[in-house]
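Novice: Mind looking over this structure? Questions follow.
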Amino acid sequence: MEKAQAYECLGNEDPLSDLINRTNEYLLDLRLAKWITQKQYELVSIKPNEVELAHLYYLPKAHKPDTSLRPIISGLKHPTIKISKFLDDLLRPLFDKMAQETTITSGFELVKKLNEWSTLNMNQNTIFCTIDVIDLYTMIPQVEGVLSLKKMLDYLKLKKVGGLRIETIIRLSRFVMQNNYFVYDG
């Protein structure tokens, strides 16, 4: 956490109650302004007794020589998880379609594509490299993450997705990014 400088320790301050209120007020404002439908509002709004802050824990990276730890944030009951899932269900098919030519989903598919590619392109000067991105999650600045989403939607020339205006999708994405809290070590 110190290396990435991406987190702020809140000490004993518990942001959950405020986050619940802020989330539901934000969603109600979107509903009243007709940015989301009543059905969408009911789908993403939260009940205080059903949520909790995300929890940070670590798993060892057994494949690394120094057995460093991989941080995992489990947020299945986080106040913004319903919004996140809603946006993922909405946007995932668009992204998957866009990225299908450059996405490899299994080792079998990798070998197949390498075989196809190598028959036309491989020679004695070919060099293969792998890249390990360290701290990927914290290395994506919030503003640029949301701008990348906007850029993808602009590229697809969409005005709406699933009946939702692009500006609403961007607003909801920004809200989720800016309201990301977790508990660590109590």
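Every chain in the structure tokens takes a letter, A first, then B, and so on in the order presented; its residues are numbered from 1, and the ligands are numbered from 1 following the presented order.
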DSSP on the backbone: what in stretch 41-175 of chain A comes out helix (DSSP H, G or I), as a ChimeraX atom specification?

Specialist: /A:41-44,48-50,81-99,107-121,136-139,142-155,166-175

Novice: Per residue of stretch 39-114 of chain A within 12 Å of stretch 138-158 of chain A, note the shortest atom pair and the distance in Å to one decimal, counting only C-alpha atoms, and order the rows by chain and increasing residue number, as CSV.

Specialist:
residue,atom,partner,partner_atom,distance
A:Pro71,CA,A:Thr138,CA,10.9
A:Ile73,CA,A:Thr138,CA,11.9
A:Leu87,CA,A:Leu149,CA,11.1
A:Asp88,CA,A:Leu149,CA,11.7
A:Leu90,CA,A:Leu153,CA,11.8
A:Leu91,CA,A:Leu153,CA,9.2
A:Arg92,CA,A:Leu149,CA,11.4
A:Leu94,CA,A:Leu156,CA,8.7
A:Phe95,CA,A:Met152,CA,8.2
A:Asp96,CA,A:Met152,CA,11.8
A:Lys97,CA,A:Leu156,CA,10.9
A:Met98,CA,A:Leu156,CA,8.9
A:Ala99,CA,A:Met152,CA,10.9

Novice: Suppose we keep all heavy atoms; can you now write the selection as a tab-separated table (two decimals), in the first residue's frame?

Specialist:
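Listing of out-v4.tsv after writing:
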chain	number	residue	atom	x	y	z
A	71	PRO	N	-2.09	-9.10	-3.10
A	71	PRO	CA	-3.24	-8.56	-2.36
A	71	PRO	C	-4.54	-8.91	-3.07
A	71	PRO	O	-4.65	-8.83	-4.29
A	71	PRO	CB	-3.00	-7.05	-2.37
A	71	PRO	CG	-2.10	-6.81	-3.54
A	71	PRO	CD	-1.31	-8.07	-3.77
A	73	ILE	N	-8.72	-8.10	-2.75
A	73	ILE	CA	-9.78	-7.33	-2.09
A	73	ILE	C	-11.10	-8.00	-2.42
A	73	ILE	O	-11.50	-8.05	-3.57
A	73	ILE	CB	-9.77	-5.86	-2.52
A	73	ILE	CG1	-8.46	-5.20	-2.09
A	73	ILE	CG2	-10.97	-5.12	-1.94
A	73	ILE	CD1	-8.31	-3.75	-2.47
A	87	LEU	N	-22.95	-2.54	-14.41
A	87	LEU	CA	-22.13	-2.00	-15.49
A	87	LEU	C	-21.38	-3.11	-16.22
A	87	LEU	O	-21.26	-3.08	-17.46
A	87	LEU	CB	-21.14	-0.97	-14.95
A	87	LEU	CG	-21.76	0.34	-14.45
A	87	LEU	CD1	-20.71	1.21	-13.77
A	87	LEU	CD2	-22.43	1.10	-15.60
A	88	ASP	N	-20.88	-4.09	-15.49
A	88	ASP	CA	-20.17	-5.20	-16.12
A	88	ASP	C	-21.10	-5.98	-17.05
A	88	ASP	O	-20.73	-6.30	-18.18
A	88	ASP	CB	-19.57	-6.12	-15.07
A	88	ASP	CG	-18.68	-7.19	-15.69
A	88	ASP	OD1	-17.70	-6.81	-16.36
A	88	ASP	OD2	-18.98	-8.39	-15.53
A	90	LEU	N	-23.63	-4.87	-18.56
A	90	LEU	CA	-23.94	-3.98	-19.68
A	90	LEU	C	-22.79	-3.88	-20.68
A	90	LEU	O	-22.99	-3.92	-21.89
A	90	LEU	CB	-24.25	-2.59	-19.10
A	90	LEU	CG	-25.09	-1.62	-19.87
A	90	LEU	CD1	-26.49	-2.18	-20.11
A	90	LEU	CD2	-25.18	-0.30	-19.10
A	91	LEU	N	-21.57	-3.76	-20.15
A	91	LEU	CA	-20.41	-3.42	-20.98
A	91	LEU	C	-19.58	-4.63	-21.41
A	91	LEU	O	-18.89	-4.57	-22.44
A	91	LEU	CB	-19.52	-2.42	-20.26
A	91	LEU	CG	-20.20	-1.10	-19.91
A	91	LEU	CD1	-19.31	-0.25	-19.02
A	91	LEU	CD2	-20.59	-0.33	-21.17
A	92	ARG	N	-19.59	-5.70	-20.64
A	92	ARG	CA	-18.75	-6.86	-20.95
A	92	ARG	C	-18.96	-7.39	-22.37
A	92	ARG	O	-17.99	-7.64	-23.08
A	92	ARG	CB	-18.99	-7.97	-19.93
A	92	ARG	CG	-18.31	-9.29	-20.22
A	92	ARG	CD	-16.85	-9.32	-19.94
A	92	ARG	NE	-16.59	-8.81	-18.62
A	92	ARG	CZ	-15.37	-8.49	-18.18
A	92	ARG	NH1	-14.34	-8.64	-18.98
A	92	ARG	NH2	-15.18	-8.03	-16.97
A	94	LEU	N	-19.82	-5.82	-25.05
A	94	LEU	CA	-19.22	-4.87	-25.99
A	94	LEU	C	-17.70	-5.02	-26.01
A	94	LEU	O	-17.08	-5.07	-27.07
A	94	LEU	CB	-19.58	-3.43	-25.60
A	94	LEU	CG	-21.05	-3.05	-25.64
A	94	LEU	CD1	-21.25	-1.65	-25.08
A	94	LEU	CD2	-21.58	-3.14	-27.06
A	95	PHE	N	-17.11	-5.07	-24.81
A	95	PHE	CA	-15.65	-5.21	-24.73
A	95	PHE	C	-15.19	-6.54	-25.31
A	95	PHE	O	-14.23	-6.59	-26.07
A	95	PHE	CB	-15.17	-5.07	-23.28
A	95	PHE	CG	-13.69	-5.25	-23.16
A	95	PHE	CD1	-12.83	-4.20	-23.47
A	95	PHE	CD2	-13.16	-6.47	-22.79
A	95	PHE	CE1	-11.45	-4.37	-23.39
A	95	PHE	CE2	-11.79	-6.65	-22.71
A	95	PHE	CZ	-10.93	-5.60	-23.01
A	96	ASP	N	-15.88	-7.62	-24.94
A	96	ASP	CA	-15.48	-8.94	-25.44
A	96	ASP	C	-15.51	-9.00	-26.95
A	96	ASP	O	-14.61	-9.55	-27.58
A	96	ASP	CB	-16.37	-10.03	-24.85
A	96	ASP	CG	-16.07	-10.31	-23.38
A	96	ASP	OD1	-15.06	-9.80	-22.86
A	96	ASP	OD2	-16.87	-11.03	-22.75
A	97	LYS	N	-16.54	-8.41	-27.55
A	97	LYS	CA	-16.65	-8.40	-29.02
A	97	LYS	C	-15.51	-7.59	-29.63
A	97	LYS	O	-14.90	-7.99	-30.61
A	97	LYS	CB	-18.00	-7.83	-29.44
A	97	LYS	CG	-18.23	-7.89	-30.93
A	97	LYS	CD	-19.61	-7.42	-31.31
A	97	LYS	CE	-19.77	-7.49	-32.82
A	97	LYS	NZ	-21.04	-6.93	-33.26
A	98	MET	N	-15.22	-6.45	-29.01
A	98	MET	CA	-14.15	-5.58	-29.50
A	98	MET	C	-12.78	-6.24	-29.39
A	98	MET	O	-11.93	-6.07	-30.25
A	98	MET	CB	-14.14	-4.29	-28.67
A	98	MET	CG	-14.18	-3.04	-29.47
A	98	MET	SD	-14.24	-1.64	-28.36
A	98	MET	CE	-12.59	-1.07	-28.52
A	99	ALA	N	-12.57	-6.98	-28.31
A	99	ALA	CA	-11.25	-7.54	-28.03
A	99	ALA	C	-11.07	-8.98	-28.49
A	99	ALA	O	-10.01	-9.56	-28.27
A	99	ALA	CB	-11.00	-7.45	-26.52

Novice: Between A:Lys85, A:Gln100, A:Ser68, A:Glu13, which is the closest to A:Ile134 once you count only C-alpha atoms?

Specialist: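 Result for the nearest residue to A:Ile134: A:Ser68.
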
Novice: Which residue gives the smallest distance to A:Asp89 among A:Val183, A:Val161, A:Leu30, A:Leu120, with only C-alpha atoms counted?

Specialist: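 Closest residue, counting only C-alpha atoms: A:Val161.
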
Novice: Atom CA of A:Asn21 to atom CA of A:Ala6: how many Å, to one decimal?

Specialist: 24.3 Å

Novice: Please indicate the distance in Å from atom CA of A:Leu53 to atom CA of A:Arg70, rounded to one decimal place.

Specialist: 19.5 Å

Novice: What is the atom CA of A:Ala54-atom CA of A:Ser74 distance in Å, reported with one decimal?

Specialist: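 Atom-to-atom, atom CA of A:Ala54 to atom CA of A:Ser74, that is 5.3 Å.
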
Novice: Could you name the residues that touch stretch 75-83 of chain A at 8 Å or less, counting only C-alpha atoms, but leaving out those on the same chain fewer than 2 positions away, as a list in words?

Specialist: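 Non-adjacent residues within range: Leu19, Ile20, Thr23, Leu43, Val44, Ser45, Ile46, Glu50, Val51, Glu52, Leu53, Ala54, His55, Ile73, Lys85, Phe86, Leu87, Leu172, Val176, Asn179, Asn180 and Phe182 of chain A.
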
Novice: Between A:Thr126, A:Thr103, A:Asn12, A:Ser84, which one has atoms that come closest to A:Ser173, using only C-alpha atoms?

Specialist: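 The answer is A:Ser84, which sits nearest to A:Ser173.
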
Novice: From a DSSP pass on the backbone, collect the residues of stretch 38-171 of chain A flagged as strand (DSSP E or B) and hand them back as number ranges by chain.

Specialist: A: 54-60, 69-74, 160-161, 164-165
